[in-house]
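K.L.:
One file: entry.txt (compact mmCIF, C-alpha atoms).
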```
# COMPACT_ATOMS: atom_id res chain seq x y z
CA MET A 125 108.24 158.82 316.98
CA ILE A 126 110.82 160.43 314.67
CA LEU A 127 114.49 160.21 315.65
CA THR A 128 116.40 163.27 314.50
CA ASN A 129 118.99 164.65 316.94
CA THR A 130 121.57 161.89 317.29
CA THR A 131 124.50 161.27 319.60
CA VAL A 132 127.11 158.58 318.99
CA LEU A 133 129.04 157.32 322.03
CA GLY A 134 132.51 156.26 320.89
CA THR A 135 134.46 157.84 318.05
CA GLY A 136 136.69 154.98 316.96
CA VAL A 137 136.86 153.67 313.41
CA LEU A 138 133.23 152.57 313.21
CA GLY A 139 131.91 155.23 315.56
CA ALA A 140 133.36 157.93 313.31
CA GLN A 141 131.75 156.30 310.29
CA ILE A 142 128.35 156.21 312.04
CA ILE A 143 128.72 159.89 312.91
CA PHE A 144 129.62 160.86 309.35
CA GLN A 145 126.94 158.65 307.76
CA THR A 146 124.31 160.30 309.94
CA ALA A 147 125.54 163.83 309.22
CA TYR A 148 125.87 163.18 305.49
CA HIS A 149 122.18 162.29 305.38
CA GLY A 150 121.25 165.58 306.95
CA LEU A 151 120.69 164.83 310.63
CA PRO A 152 122.28 166.76 313.52
CA VAL A 153 124.86 164.56 315.25
CA VAL A 154 127.16 164.83 318.25
CA GLY A 155 130.11 162.51 318.81
CA TYR A 156 131.12 161.73 322.40
CA ASP A 157 134.34 160.25 323.73
CA ILE A 158 136.17 160.27 327.04
CA THR A 159 139.55 161.89 326.32
CA GLU A 160 140.97 164.79 324.34
CA GLN A 161 143.26 162.33 322.57
CA ALA A 162 140.25 160.29 321.42
CA LEU A 163 138.50 163.39 320.11
CA GLU A 164 141.65 164.53 318.32
CA ALA A 165 141.84 161.14 316.60
CA ALA A 166 138.12 161.45 315.79
CA ASN A 167 138.71 164.79 314.09
CA HIS A 168 141.34 163.19 311.86
CA ARG A 169 139.02 160.28 311.01
CA LEU A 170 136.14 162.60 310.19
CA ASP A 171 138.35 164.82 308.05
CA SER A 172 139.53 161.80 306.06
CA LEU A 173 135.93 160.70 305.45
CA VAL A 174 135.12 163.90 303.56
CA GLN A 175 137.00 162.74 300.47
CA THR A 176 135.77 159.16 300.90
CA TYR A 177 132.13 160.26 300.78
CA ALA A 178 132.79 162.82 298.04
CA ASP A 179 134.36 160.15 295.83
CA TYR A 180 131.75 157.49 296.56
CA PHE A 181 128.58 159.59 296.27
CA ASP A 182 129.42 162.84 294.48
CA ALA A 183 132.06 162.10 291.81
CA GLY A 184 134.69 163.85 293.91
CA ASP A 185 132.68 167.03 294.63
CA ARG A 186 133.44 167.76 298.29
CA SER A 187 130.71 170.33 298.97
CA LYS A 188 128.04 168.07 300.48
CA ALA A 189 130.54 165.93 302.41
CA GLN A 190 132.33 169.02 303.73
CA ALA A 191 129.02 170.52 304.87
CA ALA A 192 128.29 167.27 306.72
CA ARG A 193 131.74 167.37 308.34
CA ASP A 194 131.27 170.98 309.41
CA SER A 195 127.93 170.16 311.05
CA ILE A 196 129.38 167.53 313.41
CA ARG A 197 129.98 168.49 317.03
CA LEU A 198 132.27 166.58 319.40
CA SER A 199 132.12 166.57 323.18
CA MET A 200 133.80 165.01 326.22
CA ASP A 201 130.84 165.90 328.47
CA LEU A 202 128.23 163.14 328.41
CA ALA A 203 125.38 165.29 329.71
CA ASP A 204 126.19 167.97 327.15
CA ALA A 205 126.48 165.43 324.34
CA VAL A 206 123.02 163.93 324.93
CA LYS A 207 121.05 166.92 326.21
CA ASP A 208 119.05 167.26 322.96
CA ALA A 209 119.27 163.65 321.77
CA ASP A 210 116.31 161.82 320.33
CA PHE A 211 118.57 158.86 319.66
CA VAL A 212 121.85 157.63 321.17
CA ILE A 213 123.93 155.04 319.34
CA GLU A 214 126.56 153.38 321.52
CA ALA A 215 129.78 152.24 319.85
CA VAL A 216 132.12 151.81 322.82
CA PRO A 217 134.58 148.88 323.17
CA GLU A 218 133.18 145.36 322.92
CA SER A 219 133.22 144.67 326.66
CA LEU A 220 130.04 143.90 328.58
CA ASP A 221 131.29 145.69 331.72
CA ILE A 222 132.21 148.83 329.76
CA LYS A 223 128.88 148.86 327.96
CA GLN A 224 126.84 148.30 331.12
CA GLY A 225 128.70 151.10 332.92
CA THR A 226 128.25 153.40 329.94
CA TYR A 227 124.49 152.89 329.94
CA GLU A 228 124.21 153.46 333.68
CA ALA A 229 125.93 156.83 333.24
CA LEU A 230 123.87 157.58 330.13
CA ALA A 231 120.54 156.77 331.78
CA ALA A 232 121.25 159.34 334.49
CA VAL A 233 121.61 162.27 332.06
CA ALA A 234 119.65 161.50 328.87
CA PRO A 235 116.14 162.91 328.31
CA GLU A 236 113.30 160.49 329.06
CA ARG A 237 112.24 160.43 325.40
CA THR A 238 115.65 159.31 324.13
CA VAL A 239 115.92 155.92 322.44
CA PHE A 240 119.16 153.99 323.01
CA ALA A 241 120.79 151.54 320.57
CA THR A 242 123.91 149.45 320.93
CA ASN A 243 126.17 148.76 317.98
CA SER A 244 127.64 145.72 319.74
CA SER A 245 128.99 143.11 317.35
CA THR A 246 128.42 140.04 319.51
CA LEU A 247 126.75 140.90 322.84
CA LEU A 248 123.03 140.38 323.29
CA PRO A 249 121.11 143.59 324.01
CA SER A 250 119.18 141.75 326.75
CA ALA A 251 122.46 141.55 328.72
CA ILE A 252 122.64 145.35 328.64
CA ALA A 253 118.96 146.30 328.85
CA PRO A 254 118.66 146.22 332.69
CA HIS A 255 121.36 148.91 332.88
CA THR A 256 119.64 151.35 330.51
CA GLY A 257 116.81 152.53 332.76
CA ARG A 258 114.46 152.29 329.75
CA PRO A 259 114.45 148.72 328.35
CA GLU A 260 111.35 149.48 326.26
CA LYS A 261 113.38 152.12 324.40
CA PHE A 262 116.55 150.06 324.01
CA LEU A 263 117.62 147.76 321.18
CA ALA A 264 120.52 147.03 318.84
CA LEU A 265 121.43 148.76 315.58
CA HIS A 266 124.45 147.10 314.04
CA TYR A 267 126.51 148.80 311.34
CA ALA A 268 129.05 147.15 309.07
CA ASN A 269 132.51 148.63 308.56
CA HIS A 270 132.77 150.96 305.52
CA VAL A 271 129.13 151.84 306.17
CA TRP A 272 128.81 154.12 303.12
CA GLN A 273 129.27 151.03 300.91
CA ASN A 274 128.41 148.09 303.16
CA ASN A 275 125.24 149.81 304.31
CA THR A 276 123.43 147.15 306.29
CA GLY A 277 121.60 148.27 309.42
CA GLU A 278 120.69 145.22 311.48
CA ILE A 279 117.94 146.06 313.97
CA MET A 280 117.39 143.64 316.83
CA GLY A 281 115.27 144.18 319.93
CA THR A 282 114.82 142.29 323.18
CA ALA A 283 111.62 140.85 324.62
CA LEU A 284 111.15 144.21 326.35
CA THR A 285 111.73 146.50 323.36
CA GLY A 286 108.60 148.43 322.45
CA SER A 287 107.32 148.31 318.88
CA GLU A 288 107.33 152.11 318.66
CA ALA A 289 111.04 152.30 319.41
CA PHE A 290 111.80 149.42 317.06
CA GLU A 291 109.94 150.99 314.14
CA ALA A 292 111.50 154.38 314.86
CA VAL A 293 114.97 152.86 314.53
CA VAL A 294 113.98 151.11 311.28
CA ASP A 295 112.86 154.50 309.99
CA PHE A 296 116.10 156.16 311.20
CA ALA A 297 118.19 153.52 309.45
CA GLU A 298 116.39 154.06 306.15
CA ARG A 299 116.61 157.85 306.42
CA THR A 300 120.38 157.63 306.95
CA GLY A 301 121.15 155.53 303.90
CA LEU A 302 121.05 152.07 305.41
CA VAL A 303 119.22 148.98 304.26
CA ALA A 304 117.17 148.21 307.36
CA ILE A 305 117.41 144.52 308.24
CA ARG A 306 114.88 143.32 310.79
CA VAL A 307 116.31 140.59 313.02
CA LEU A 308 113.24 138.80 314.35
CA LYS A 309 114.73 137.39 317.56
CA GLU A 310 117.89 137.87 319.58
CA GLN A 311 120.89 136.18 318.03
CA PRO A 312 124.50 136.68 319.12
CA GLY A 313 126.20 138.29 316.15
CA TYR A 314 122.91 139.21 314.45
CA LEU A 315 122.93 137.94 310.84
CA LEU A 316 126.18 139.33 309.44
CA ASN A 317 128.49 138.34 312.26
CA SER A 318 126.74 135.00 312.74
CA LEU A 319 128.14 134.25 309.29
CA LEU A 320 131.42 136.17 309.57
CA VAL A 321 132.70 135.24 313.05
CA PRO A 322 132.83 131.44 312.51
CA PHE A 323 134.71 132.08 309.26
CA LEU A 324 137.27 134.29 311.00
CA GLN A 325 137.50 131.86 313.91
CA ALA A 326 138.29 128.99 311.53
CA ALA A 327 141.13 131.04 310.06
CA SER A 328 142.49 131.93 313.51
CA HIS A 329 142.48 128.26 314.52
CA LEU A 330 144.44 127.33 311.42
CA LEU A 331 147.00 129.97 312.35
CA VAL A 332 147.48 129.14 316.04
CA ASN A 333 147.52 125.41 315.32
CA GLY A 334 150.43 125.97 312.95
CA VAL A 335 148.64 124.72 309.85
CA ALA A 336 149.61 127.77 307.75
CA ASP A 337 150.63 131.40 308.17
CA ALA A 338 148.25 134.33 307.72
CA PRO A 339 149.26 135.31 304.14
CA THR A 340 148.90 131.72 302.96
CA ILE A 341 145.47 131.37 304.54
CA ASP A 342 144.36 134.64 302.97
CA LYS A 343 145.75 133.71 299.56
CA THR A 344 144.03 130.33 299.64
CA TRP A 345 140.66 131.85 300.47
CA LYS A 346 140.89 134.55 297.81
CA LEU A 347 142.06 132.20 295.07
CA GLY A 348 139.55 129.51 295.96
CA THR A 349 136.48 131.73 296.26
CA GLY A 350 137.20 134.93 294.34
CA ALA A 351 136.68 136.93 297.53
CA PRO A 352 138.40 140.34 297.54
CA LYS A 353 139.89 139.90 301.03
CA GLY A 354 141.10 137.06 303.17
CA PRO A 355 140.24 136.56 306.85
CA PHE A 356 143.37 138.22 308.25
CA GLU A 357 142.87 141.22 305.99
CA ILE A 358 139.35 141.39 307.44
CA TYR A 359 140.76 141.14 310.97
CA ASP A 360 142.94 144.17 310.23
CA ILE A 361 139.92 146.15 309.01
CA VAL A 362 137.76 145.16 311.99
CA GLY A 363 140.61 146.01 314.37
CA LEU A 364 142.67 143.65 316.48
CA ASN A 365 141.32 145.02 319.77
CA THR A 366 137.84 143.90 318.72
CA ALA A 367 139.21 140.55 317.56
CA TYR A 368 140.97 140.16 320.92
CA ASN A 369 137.83 140.94 322.93
CA ILE A 370 135.77 138.43 320.98
CA SER A 371 138.44 135.69 320.93
CA SER A 372 139.18 135.98 324.63
CA MET A 373 135.60 134.86 325.35
CA GLY A 374 135.84 131.78 323.11
CA ASP A 375 137.15 128.23 323.44
CA GLU A 376 140.74 127.30 324.34
CA THR A 377 142.04 127.67 320.78
CA SER A 378 140.35 131.06 320.48
CA LYS A 379 141.97 132.11 323.75
CA LYS A 380 145.36 131.11 322.31
CA PHE A 381 144.62 133.38 319.37
CA ALA A 382 143.66 136.18 321.79
CA ALA A 383 147.00 135.74 323.57
CA LEU A 384 148.82 135.88 320.22
CA LEU A 385 147.02 139.10 319.32
CA LYS A 386 147.83 140.65 322.69
CA ASN A 387 151.50 139.69 322.83
CA GLU A 388 152.53 140.05 319.20
CA TYR A 389 150.31 142.85 317.97
CA ILE A 390 148.27 144.88 320.47
CA GLU A 391 151.06 145.45 322.99
CA LYS A 392 153.27 146.60 320.11
CA GLY A 393 150.69 149.10 318.89
CA LYS A 394 149.79 147.02 315.85
CA LEU A 395 146.02 147.30 316.00
CA GLY A 396 145.16 146.81 312.33
CA ALA A 397 144.66 149.01 309.31
CA ALA A 398 143.65 152.03 311.41
CA THR A 399 147.12 152.23 312.98
CA GLY A 400 149.04 151.34 309.83
CA GLU A 401 149.97 147.81 310.84
CA GLY A 402 148.31 144.61 311.99
CA PHE A 403 148.84 141.32 310.23
CA TYR A 404 149.89 143.52 307.30
CA LYS A 405 151.46 146.96 306.89
CA TYR A 406 149.45 149.84 305.40
CA ASN A 407 150.35 153.23 304.00
```
Transcribe the structure of this file into structure tokens.
P.N.:
Amino acid sequence: MILTNTTVLGTGVLGAQIIFQTAYHGLPVVGYDITEQALEAANHRLDSLVQTYADYFDAGDRSKAQAARDSIRLSMDLADAVKDADFVIEAVPESLDIKQGTYEALAAVAPERTVFATNSSTLLPSAIAPHTGRPEKFLALHYANHVWQNNTGEIMGTALTGSEAFEAVVDFAERTGLVAIRVLKEQPGYLLNSLLVPFLQAASHLLVNGVADAPTIDKTWKLGTGAPKGPFEIYDIVGLNTAYNISSMGDETSKKFAALLKNEYIEKGKLGAATGEGFYKYN
């Protein structure tokens, strides 16, 4: 089983990166989203990635990256977006209800051969599998933000995932410039986020408990460890909507942090680096 024609559901910050990464490595890819506004934003994200990829891989030569950009097709019609798909990567918001509904709609229109993968950061694929209509061809493929540089591809199946589908996704990951990381059993957060989320949660608890403000927490971490970014800088990169969705499912202190994000940032349009402001302001 070789996965070639690819569709990515969701064209947000990471979805757009998955689309571009796939196209840059020579595979046909379609990006799907639900509104014209979302696709307009996706076009801007994809355009901006041309120079990013040119600088990172090709010493500024835009020819290969521009060819990848030109090959990408976007669609608001789910059936149209997946009609030729060997592989569908889902990168919709981190909500179990949204993901389950997305897969129910997807299962009704995708070809029988198509393998499905969720890019969920924290949800177990087994919670989604019953809604896919093909649990033996469903698993998780988790990308890290700034995928061209942080090119991990964490592959995690369920008890029902077939070995053929699993190995096909490992092969896809390697052919699209990722380091394929086999996760041997289901684990919320895979490997990367199992390490990252508790770190970010500790920082959020310090903030909502009034121990220190965000810049001080970030400065302390960077000075003490030599890390290039502090936890609240990472929150801004991840996106505060994602941070809100994860925190709202946590303990009472995490829920206080979720409320802070909602009231002081999200409702004011401060969603992180992608919108120009989160905990920090960006050009």
K.L.:
Find the residues near Gly155 in chain A: any atom within 8 Å, counting all atoms listed in the file, skip ones fewer than 6 places away on the same chain, and give them as an MDAnalysis selection string.
P.N.:
chainID A and resid 131:135 140 143 196:199 205
K.L.:
Tell me, in Å to one decimal, how far CA of Glu164 in chain A is from CA of Ala215 in chain A.
P.N.:
17.2 Å
K.L.:
I'd like the interatomic distance between CA of Tyr177 in chain A and CA of Thr300 in chain A, to a tenth of an Å.
P.N.:
13.5 Å
K.L.:
For Asp295 in chain A, list every protein, DNA or RNA residue within 12 Å, evaluated using all atoms listed in the file, and leave out those in the same chain fewer than 2 positions away; present the list as a count of residues only.
P.N.:
23
K.L.:
May I have the residues within 12 Å of Asp221 in chain A as a ChimeraX atom specification, using only C-alpha atoms and disregarding those fewer than 6 positions away in the same chain?
P.N.:
/A:227-228,247,251-252,255,369
K.L.:
Considering only C-alpha atoms, can you say which of A:Ala367, A:Asp360, A:Phe262, A:Lys380 comes closest to Gly396 in chain A?
P.N.:
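Looking only at the distances to Gly396 in chain A, the closest residue turns out to be A:Asp360.
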K.L.:
Could you please determine the separation between CA of Phe240 in chain A and CA of Pro312 in chain A in Å, to one decimal place?
P.N.:
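Going from CA of Phe240 in chain A over to CA of Pro312 in chain A covers 18.5 Å.
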K.L.:
Measuring between only C-alpha atoms, which one of A:Thr242, A:Asn333, A:Thr366, A:Ser371 shows the shortest distance to Lys223 in chain A?
P.N.:
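Checking each candidate against Lys223 in chain A, we get A:Thr242 as the closest.
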K.L.:
Looking at all atoms listed in the file, which of A:Phe211, A:Phe181, A:Tyr359, A:Phe403 is the one that sits closest to Pro152 in chain A?
P.N.:
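With all atoms listed in the file as the atom set, the closest residue is A:Phe211.
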K.L.:
Determine, counting all atoms listed in the file, every residue of protein, DNA or RNA that lies within 12 Å of (120.4, 169.5, 327.1) in the file coordinates, then give the result as a PyMOL selection string.
P.N.:
chain A and resi 129+131+201-210+233-236+238
K.L.:
Which residue is closest to Leu330 in chain A? Choose from A:Ser244, A:Asn365, A:Gln311, A:Ser378 and count all atoms listed in the file.
P.N.:
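Of A:Ser244, A:Asn365, A:Gln311, A:Ser378, the one nearest Leu330 in chain A, counting all atoms listed in the file, is A:Ser378.
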K.L.:
When distances are computed from all atoms listed in the file, which of A:Thr159, A:Thr146, A:Thr377, A:Thr344 shows the smallest separation from Val212 in chain A?
P.N.:
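That would be A:Thr146, the residue with the smallest distance to Val212 in chain A.
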K.L.:
Excluding Gln175 in chain A and residues on its chain fewer than 5 positions from it, collect all residues at most 9 Å away from it, counting all atoms listed in the file, and give them as a list in words.
P.N.:
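The residues that qualify are Tyr180, Gly184, Asp185, Arg186, Ala189 and Gln190 of chain A.
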K.L.:
From the set A:Ala192, A:Val362, A:Leu347, A:Ala166, which residue has the shortest atom-to-atom contact distance to Ala178 in chain A, counting all atoms listed in the file?
P.N.:
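When distances to Ala178 in chain A are compared using all atoms listed in the file, the smallest one comes from A:Ala192.
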K.L.:
As a PyMOL selection string, please: the residues near Asn243 in chain A (cut-off 8 Å, all atoms listed in the file, same-chain neighbours under 2 positions excluded).
P.N.:
chain A and resi 213-215+241+245+264-267
